[in-house]
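Below is one structure, written out as structure tokens; the observations come after it.
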Amino acid sequence: MDKQNNNTENINMTGVAGDYAEYPDCGDVASKIYEFLDGELTEDKRKAIQFHLDHCAPCVSVFEFESDLRKLVSCRCQEKVPDTLKQRIAAVISMEEQTTKLFYERTNVESEENG
Ligand SMILES: [Zn+2]
């Protein structure tokens, strides 16, 4: 009987994927970030994502980056891009590239050790 209870818990864990309105995870926030920025979400979802952003530093960086990117795109229409904004975005992009590189290097080392 105990084993059956465990199985039920596992099913519940995967079954709540669509129920992000109350507890969005990082993937939900990332997938909804444009709608959030555009104000296209319902108030409940917007609040839920805002709540997540208040407590999740990595998602805040993503949110700020996307927000800045939008400013950059809208600025380009006027041919006026502030140098500080360009530098900041370039810095974030190079930082992410380094992080990705480190991640892959680490993954490769681990797979070599396993093999
Ligand atoms: Zn997050």
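All residue names refer to the structure tokens as shown: chains lettered A, B, ... in order, residues numbered from 1 in each chain, ligands numbered from 1 in order.
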Contacts to ligand 1 at 7 Å cut-off (only C-alpha atoms and all ligand atoms) as a PyMOL selection string: chain A and resi 25-26+29+52-53+56-59
Residue neighbourhood Ile33 in chain A, 10 Å, only C-alpha atoms, exclusion window fewer than 5 positions, as a list in words: Gly27, Asp28, Asp38, Gly39, Leu41, Arg46, Ile49, Cys59, Val62, Phe63, Glu66 and Ser67 of chain A
Two-atom distance - CA of Glu40 in chain A, CA of Pro82 in chain A (Å): 27.7 Å
Pick from A:Glu43, A:Glu105, A:Glu97, A:Asp68, whichever lies nearest to Leu85 in chain A using only C-alpha atoms: A:Asp68
